[in-house]
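Asker: I am attaching a structure below and will ask some questions about it afterwards.
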Amino acid sequence: EAGVTQFPSHSVIEKGQTVTLRCDPISGHDNLYWYRRVMGKEIKFLLHFVKESKQDESGMPNNRFLAERTGGTYSTLKVQPAELEDSGVYFCASSQGTGTREAFFGQGTRLTVV
Amino acid sequence: GQQLNQSPQSMFIQEGEDVSMNCTSSSIFNTWLWYKQDPGEGPVLLIALYKAGELTSNGRLTAQFGITRKDSFLNISASIPSDVGIYFCAGRYYDNAGNMLTFGGGTRLMVKP
């Protein structure tokens, strides 16, 4: 069974440009999470989808970030326009159902804004 | 928001030594998790703790959920070179908003053969 996959693995863009990150969760997993780790700091929650609905987006930094999960399958996270402080590693995770089923993480997308 | 203080930030040890790291919080959690991240990979779950006072082992790893629900530790016995990586603690407090994780800042472990 394929794990959580993220594309691209690395992205280098200039300040002001737009970048779209993609996450393909494990098949059948209703829960999809986005997290971000800014260099040397803790991994921080961004948002949580249950199927196609946003359950919790309290961690989204500002309105330059837009997450979607059309059809409840894969998800995209768009940053527009990107700023220098958006650099970091963006992780996606997915889990089945609710309760104590822990999430599996993807390998992350390293975003560098120059 | 909730914060986890994880220490130490980094450790450089000799192969064969035991390792201990911990996380503390001013808030209580219902769940404590320990993850390991290898370079270029995402965090992989090592141990999950669901009950205050719970002590769980996974091979050479042992973790405990503090009785106050505000702390947890992870011990690695007889370290080997492949233990190198970043270890993260994470806590979860269930509420109506969902089940997001709050992570510690990570402990970077380096093992000298």
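Chain identifiers are assigned as A, B, and so on, following the order in which chains appear in the structure tokens; residues are numbered from 1 within each chain, and ligands are numbered from 1 in order of appearance.
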With a distance threshold of 10 Å and counting only C-alpha atoms, extract the residues of chain B near chain A and express them as an NGL selection string.
Answerer: :B and (3-6 or 9 or 31 or 33 or 37-45 or 48 or 50 or 88-90 or 94 or 96-106)
Asker: Go through chain A and collect every residue that DSSP, computed from the backbone, puts in strand (DSSP E or B); the answer should be as a PyMOL selection string.
Answerer: chain A and resi 5-7+10-13+19-24+31-37+43-50+53-56+65-68+75-79+88-95+104-105+109-113
Asker: For a test of reading the model, state the distance in Å between atom CA of B:Gly53 and atom CA of B:Ile28, rounded to one decimal.
Answerer: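 Value for the atom CA of B:Gly53-atom CA of B:Ile28 distance: 13.1 Å.
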Asker: Quick check, in Å to one decimal: how far apart do atom CA of A:Glu85 and atom CA of A:Val114 lie?
Answerer: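 Spanning atom CA of A:Glu85 to atom CA of A:Val114 is a straight-line distance of 9.7 Å.
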Asker: If you run DSSP on the backbone here, which positions in chain A get helix (DSSP H, G or I)? Please write them as a list in words.
Answerer: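 Answer for chain A restricted to helix (DSSP H, G or I) is Thr70, Gly71, Gly72, Leu84, Glu85 and Asp86 of chain A.
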Asker: Provide the atom CA of B:Met110 to atom CA of B:Thr24 distance in Å, to one decimal place.
Answerer: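 Those two atoms sit 22.3 Å apart.
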Asker: Go through A:Ala2, A:Val113, A:Val12, A:Ile26 one by one, measure the shortest atom-to-atom distance of each to A:Pro81 using only C-alpha atoms, and give the residue with the smallest value.
Answerer: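 Comparing A:Ala2, A:Val113, A:Val12, A:Ile26 against A:Pro81, the winner is A:Val113.
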Asker: Which residue, B:Met11, B:Leu61, B:Val84, B:Cys23, has the smallest gap to B:Pro113 when you use only C-alpha atoms?
Answerer: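 Using only C-alpha atoms, B:Pro113 sits closest to B:Val84.
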Asker: So, with only C-alpha atoms as the atoms that count, which of B:Thr107, B:Ser72, B:Ser25, B:Asn30 lies closest to B:Ile86?
Answerer: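 Answer, going by the shortest atom-to-atom distance: B:Thr107.
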Asker: With a distance cut-off of 9 Å and only C-alpha atoms, select the neighbouring residues of B:Thr62, excluding the residue or stretch itself and same-chain residues fewer than 6 positions from it, and output the selection as a list in words.
Answerer: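 Contacts, with the query itself left out: Ile47, Leu55, Thr56, Phe73, Leu74, Asn75, Ile76 and Ser77 of chain B.
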